[in-house]
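Colleague: Pasting a structure here, questions to come.
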Amino acid sequence: MRSRLIILLLVFVLSVSCNAQTTTTKDEQSDKTVSNLAYLKSIKKIDVHMHVRSEQQYIIDFMDEWNFKFNTLCTIGSNTKLLQAQIDTAKMLYNKDPRHYAWVTTFDATNFEQEGWAENVIEQLKNDFSNGALGVKVWKAIGMEYKKTNGEYLQLDDPVFTPVFEFIASQNKTLIAHMGEPIHAWMPTYFTKEGVGRNYWAKRPEYSFWDKPELPSYSDILAARDHVIERHPNLKIVGAHLGSMEFDVDEIITRLEKYPNFAVELGGRTRYFMWQARGKVRDFFIRYQDRIMYGIDRGSRAAMTPEEKVETRKEMDFRTTLFFRYYATGDDIPWGNTISHDTPQPKATYTVKGINLPKEVLNKFFYTNAVNWFPGIDKDYK
Ligand SMILES: [Zn+2]
């Protein structure tokens, strides 16, 4: 009697564990039928670094086809005339079509020494926030261009900015900071034998700081940015273009470890990941999966010819296809690119292996982190 009971019990336990086994296998199978790439294509995605300067059908078509929403960034250098036009366009797009557009404002810092400058900026920001702006962008002209009357370069940690940053934090808005340049701006600018500049700094010599010891160094500029992160622990700060530390994930990690109020966004810098050790980059994404956001730094200009629209759309599709493959597969991707471009060279010069991120990491990188770091960015995106 006893042995029969034991046998019955054994049969019961075995059948339960077999069922459990079957269920798990089924789950794994159904999970595998959706590749990470197909999964990525299907989910909602937010590109946090776009510059949409005009209303264009090709941009809406792109977002609908790839399932994206764009966060368009206003950004201003010394050309303050452009400031209002950028803000007006971003505001208009957001008010008209909050499914597709979110926006981040900026402010004019050229006249920072004028009496009442900070108060005026805060007034402007109040108005922009009431029109849906999710944050404020500061640009590299602070640090690399604007000078004080004493001749020193204005840096981001100058006390003149303190009331502005305190206000942004008090409104639970985000500061997105493109400070400095990639470290290459402090390296030689190279030309082809025809004398044509081969990289961005050859074309924009004012932002090439190579061999100009009187100008601020790369470290000076990033240190000023880091002081601000440290001084304003309640202010969410997103480092644009991987915080200008795109050449080495270890540099980014140092800041992420030190400052819980700091995150980074891609800003079209995938090619720099491709140049670093694959395992190191993949570990970085896994370890800091809550602190990295996607952005390709494209968009539209105020005036565009039909050909330019077709070209831009093609380029956006090309980049998206490439980047999705890099992040969501383990494919060997034939590639060849340069410091200043992520367009392919005529001939692939090397192979890049995709980092094949897990689905939950892809979802954070492309969506959830944007929602956490720019509260309200998912508005009307169902
Ligand atoms: Zn940009």
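As shown in the structure tokens, the chain order sets the letters A, B, ...; within each chain, residues go from 1, and ligands are also counted from 1 in the order they appear.
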Excluding same-chain residues fewer than 6 positions from Val281 (chain A), what lies within 9 Å of it counting only C-alpha atoms, as a ChimeraX atom specification?
Modeller: /A:249,273-274,355
Colleague: Using only C-alpha atoms and all ligand atoms, tabulate the residues of chain A lying at most 10 Å from any atom of ligand 1, each with its closest atom pair and that distance in Å to one decimal, by chain and increasing residue number, as a Markdown table.
Modeller:
| residue | atom | partner | partner_atom_place_in_ligand_line | distance |
| --- | --- | --- | --- | --- |
| A:Val48 | CA | ligand 1 | 1 (Zn) | 9.8 |
| A:His49 | CA | ligand 1 | 1 (Zn) | 6.1 |
| A:Met50 | CA | ligand 1 | 1 (Zn) | 6.4 |
| A:His51 | CA | ligand 1 | 1 (Zn) | 6.5 |
| A:Thr72 | CA | ligand 1 | 1 (Zn) | 9.1 |
| A:Leu73 | CA | ligand 1 | 1 (Zn) | 7.2 |
| A:Cys74 | CA | ligand 1 | 1 (Zn) | 8.8 |
| A:Thr75 | CA | ligand 1 | 1 (Zn) | 7.7 |
| A:Trp139 | CA | ligand 1 | 1 (Zn) | 9.4 |
| A:His178 | CA | ligand 1 | 1 (Zn) | 8.3 |
| A:Ala240 | CA | ligand 1 | 1 (Zn) | 7.9 |
| A:His241 | CA | ligand 1 | 1 (Zn) | 8.1 |
| A:Gly267 | CA | ligand 1 | 1 (Zn) | 6.4 |
| A:Gly268 | CA | ligand 1 | 1 (Zn) | 8.2 |
| A:Gly295 | CA | ligand 1 | 1 (Zn) | 8.9 |
| A:Ile296 | CA | ligand 1 | 1 (Zn) | 8.2 |
| A:Asp297 | CA | ligand 1 | 1 (Zn) | 4.7 |
| A:Arg298 | CA | ligand 1 | 1 (Zn) | 7.1 |
| A:Gly299 | CA | ligand 1 | 1 (Zn) | 9.2 |
Colleague: Just to be explicit: take each residue in the selection above, keep N, CA and C atoms, and write the result as a PDB file, in the first residue's frame.
Modeller:
ATOM      1  N   VAL A  48      15.613  61.045 -29.008  1.00  0.00           N
ATOM      2  CA  VAL A  48      15.672  62.240 -28.158  1.00  0.00           C
ATOM      3  C   VAL A  48      16.535  63.359 -28.750  1.00  0.00           C
ATOM      4  N   HIS A  49      17.200  63.088 -29.869  1.00  0.00           N
ATOM      5  CA  HIS A  49      18.088  64.121 -30.428  1.00  0.00           C
ATOM      6  C   HIS A  49      17.792  64.337 -31.907  1.00  0.00           C
ATOM      7  N   MET A  50      16.789  65.154 -32.171  1.00  0.00           N
ATOM      8  CA  MET A  50      16.412  65.492 -33.547  1.00  0.00           C
ATOM      9  C   MET A  50      16.353  67.008 -33.670  1.00  0.00           C
ATOM     10  N   HIS A  51      16.518  67.471 -34.896  1.00  0.00           N
ATOM     11  CA  HIS A  51      16.376  68.911 -35.153  1.00  0.00           C
ATOM     12  C   HIS A  51      15.395  69.080 -36.308  1.00  0.00           C
ATOM     13  N   THR A  72      12.533  67.168 -30.656  1.00  0.00           N
ATOM     14  CA  THR A  72      13.310  68.108 -31.455  1.00  0.00           C
ATOM     15  C   THR A  72      13.961  69.155 -30.549  1.00  0.00           C
ATOM     16  N   LEU A  73      15.260  69.342 -30.770  1.00  0.00           N
ATOM     17  CA  LEU A  73      16.050  70.199 -29.883  1.00  0.00           C
ATOM     18  C   LEU A  73      16.300  71.560 -30.531  1.00  0.00           C
ATOM     19  N   CYS A  74      15.979  72.621 -29.815  1.00  0.00           N
ATOM     20  CA  CYS A  74      16.388  73.947 -30.262  1.00  0.00           C
ATOM     21  C   CYS A  74      17.822  74.125 -29.770  1.00  0.00           C
ATOM     22  N   THR A  75      18.627  74.711 -30.612  1.00  0.00           N
ATOM     23  CA  THR A  75      20.026  74.854 -30.232  1.00  0.00           C
ATOM     24  C   THR A  75      20.538  76.120 -30.871  1.00  0.00           C
ATOM     25  N   TRP A 139      24.590  74.689 -25.376  1.00  0.00           N
ATOM     26  CA  TRP A 139      25.424  74.290 -26.522  1.00  0.00           C
ATOM     27  C   TRP A 139      26.867  74.702 -26.317  1.00  0.00           C
ATOM     28  N   HIS A 178      25.245  69.869 -24.601  1.00  0.00           N
ATOM     29  CA  HIS A 178      26.290  69.541 -25.583  1.00  0.00           C
ATOM     30  C   HIS A 178      27.455  70.473 -25.288  1.00  0.00           C
ATOM     31  N   ALA A 240      24.648  65.318 -24.180  1.00  0.00           N
ATOM     32  CA  ALA A 240      24.418  65.064 -25.604  1.00  0.00           C
ATOM     33  C   ALA A 240      25.672  64.444 -26.210  1.00  0.00           C
ATOM     34  N   HIS A 241      25.493  63.689 -27.284  1.00  0.00           N
ATOM     35  CA  HIS A 241      26.612  63.034 -27.975  1.00  0.00           C
ATOM     36  C   HIS A 241      27.466  62.239 -26.974  1.00  0.00           C
ATOM     37  N   GLY A 267      23.150  60.900 -29.741  1.00  0.00           N
ATOM     38  CA  GLY A 267      23.452  62.036 -30.623  1.00  0.00           C
ATOM     39  C   GLY A 267      24.254  61.636 -31.855  1.00  0.00           C
ATOM     40  N   GLY A 268      23.873  60.518 -32.496  1.00  0.00           N
ATOM     41  CA  GLY A 268      24.519  60.125 -33.749  1.00  0.00           C
ATOM     42  C   GLY A 268      25.964  59.667 -33.592  1.00  0.00           C
ATOM     43  N   GLY A 295      19.411  58.559 -30.136  1.00  0.00           N
ATOM     44  CA  GLY A 295      19.164  59.782 -30.914  1.00  0.00           C
ATOM     45  C   GLY A 295      20.090  59.804 -32.115  1.00  0.00           C
ATOM     46  N   ILE A 296      19.566  60.178 -33.307  1.00  0.00           N
ATOM     47  CA  ILE A 296      20.467  60.137 -34.480  1.00  0.00           C
ATOM     48  C   ILE A 296      20.870  61.520 -34.977  1.00  0.00           C
ATOM     49  N   ASP A 297      20.360  62.583 -34.360  1.00  0.00           N
ATOM     50  CA  ASP A 297      20.830  63.923 -34.700  1.00  0.00           C
ATOM     51  C   ASP A 297      20.606  64.259 -36.180  1.00  0.00           C
ATOM     52  N   ARG A 298      19.394  64.071 -36.638  1.00  0.00           N
ATOM     53  CA  ARG A 298      19.015  64.434 -38.007  1.00  0.00           C
ATOM     54  C   ARG A 298      17.726  65.271 -37.931  1.00  0.00           C
ATOM     55  N   GLY A 299      17.090  65.523 -39.063  1.00  0.00           N
ATOM     56  CA  GLY A 299      15.840  66.270 -39.042  1.00  0.00           C
ATOM     57  C   GLY A 299      15.565  66.966 -40.347  1.00  0.00           C
TER      58      GLY A 299
END
Colleague: Please run DSSP on the backbone and report, as a ChimeraX atom specification, all residues within region 124-334 of chain A that come out as helix (DSSP H, G or I).
Modeller: /A:124-130,141-144,159-170,183-186,200-203,205-207,218-231,240-243,249-258,270-274,278-287,306-328
Colleague: Output the selection as a short mmCIF file (atom, residue, chain, number, x, y, z; two decimals), in the first residue's frame - C-alpha atoms for each residue.
Modeller:
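Saved to again-v2.cif:
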data_model
loop_
_atom_site.label_atom_id
_atom_site.label_comp_id
_atom_site.auth_asym_id
_atom_site.auth_seq_id
_atom_site.Cartn_x
_atom_site.Cartn_y
_atom_site.Cartn_z
CA GLN A 124 11.28 82.89 -21.49
CA LEU A 125 11.64 79.38 -20.06
CA LYS A 126 8.39 79.73 -18.09
CA ASN A 127 6.62 80.49 -21.33
CA ASP A 128 8.30 77.62 -23.19
CA PHE A 129 7.53 75.13 -20.41
CA SER A 130 3.87 76.19 -20.47
CA ALA A 141 29.38 78.00 -27.73
CA ILE A 142 29.35 78.17 -23.92
CA GLY A 143 32.90 77.07 -23.18
CA MET A 144 34.33 77.48 -26.69
CA PRO A 159 27.68 81.61 -11.39
CA VAL A 160 25.66 83.55 -13.97
CA PHE A 161 23.86 80.29 -14.86
CA THR A 162 23.02 79.23 -11.29
CA PRO A 163 19.53 80.81 -11.04
CA VAL A 164 18.63 79.43 -14.47
CA PHE A 165 19.64 75.87 -13.55
CA GLU A 166 17.86 76.13 -10.20
CA PHE A 167 14.71 77.20 -12.00
CA ILE A 168 14.91 74.32 -14.50
CA ALA A 169 15.31 71.82 -11.63
CA SER A 170 12.40 73.37 -9.71
CA ILE A 183 38.44 64.99 -28.13
CA HIS A 184 39.44 65.02 -31.83
CA ALA A 185 38.76 68.78 -31.92
CA TRP A 186 42.01 69.12 -29.93
CA TYR A 200 34.06 68.61 -39.38
CA TRP A 201 36.79 70.74 -37.77
CA ALA A 202 38.52 71.33 -41.08
CA LYS A 203 35.25 72.87 -42.27
CA PRO A 205 38.01 75.84 -37.89
CA GLU A 206 36.51 78.00 -35.15
CA TYR A 207 35.69 74.79 -33.26
CA TYR A 218 38.96 69.45 -23.50
CA SER A 219 39.29 68.64 -19.79
CA ASP A 220 38.61 72.25 -18.70
CA ILE A 221 35.31 72.24 -20.56
CA LEU A 222 34.16 68.86 -19.30
CA ALA A 223 35.24 69.72 -15.76
CA ALA A 224 33.02 72.83 -15.87
CA ARG A 225 30.10 70.65 -17.03
CA ASP A 226 30.83 68.15 -14.24
CA HIS A 227 30.81 70.94 -11.61
CA VAL A 228 27.27 71.80 -12.69
CA ILE A 229 26.15 68.17 -12.40
CA GLU A 230 27.67 68.02 -8.92
CA ARG A 231 26.28 71.35 -7.75
CA ALA A 240 24.42 65.06 -25.60
CA HIS A 241 26.61 63.03 -27.97
CA LEU A 242 27.48 60.66 -25.12
CA GLY A 243 28.53 63.66 -23.07
CA VAL A 249 32.95 54.30 -22.55
CA ASP A 250 35.16 54.29 -19.43
CA GLU A 251 35.04 58.10 -19.40
CA ILE A 252 31.24 57.95 -19.48
CA ILE A 253 31.19 55.28 -16.77
CA THR A 254 33.27 57.47 -14.43
CA ARG A 255 30.55 60.17 -14.58
CA LEU A 256 27.61 57.77 -14.41
CA GLU A 257 29.09 56.20 -11.29
CA LYS A 258 29.71 59.57 -9.67
CA THR A 270 27.18 54.94 -32.88
CA ARG A 271 30.36 54.80 -34.98
CA TYR A 272 32.43 55.50 -31.86
CA PHE A 273 30.99 52.40 -30.18
CA MET A 274 31.88 50.43 -33.30
CA ARG A 278 32.64 44.93 -28.55
CA GLY A 279 32.47 43.22 -25.17
CA LYS A 280 33.25 46.44 -23.34
CA VAL A 281 30.53 48.36 -25.20
CA ARG A 282 27.99 45.60 -24.66
CA ASP A 283 28.77 45.44 -20.92
CA PHE A 284 28.37 49.21 -20.75
CA PHE A 285 24.87 48.97 -22.25
CA ILE A 286 23.88 46.14 -19.90
CA ARG A 287 25.29 47.77 -16.77
CA PRO A 306 12.40 68.07 -53.15
CA GLU A 307 15.73 66.34 -53.87
CA GLU A 308 17.07 67.21 -50.44
CA LYS A 309 13.96 65.77 -48.81
CA VAL A 310 14.38 62.48 -50.70
CA GLU A 311 18.09 62.40 -49.81
CA THR A 312 17.50 63.12 -46.12
CA ARG A 313 14.80 60.47 -45.86
CA LYS A 314 17.09 57.95 -47.57
CA GLU A 315 19.86 58.80 -45.16
CA MET A 316 17.58 58.42 -42.14
CA ASP A 317 16.44 55.00 -43.38
CA PHE A 318 20.04 53.97 -44.03
CA ARG A 319 21.23 54.98 -40.58
CA THR A 320 18.26 53.42 -38.83
CA THR A 321 18.70 50.12 -40.67
CA LEU A 322 22.40 50.07 -39.83
CA PHE A 323 22.01 51.06 -36.19
CA PHE A 324 19.16 48.62 -35.55
CA ARG A 325 21.32 45.87 -36.96
CA TYR A 326 24.25 46.93 -34.77
CA TYR A 327 22.24 47.13 -31.53
CA ALA A 328 19.77 44.28 -32.03
#
Colleague: Among region 35-113 of chain A, which residues does DSSP mark as strand (DSSP E) when it is run on the backbone? Keep the chain and numbering as in the structure and answer as a PyMOL selection string.
Modeller: chain A and resi 45-52+68-73+101-106
Colleague: Taking 6 positions as the minimum chain separation for residues in the same chain, which residues sit within 12 Å of Lys81 (chain A) when counting only C-alpha atoms? Answer as a count of residues only.
Modeller: 5
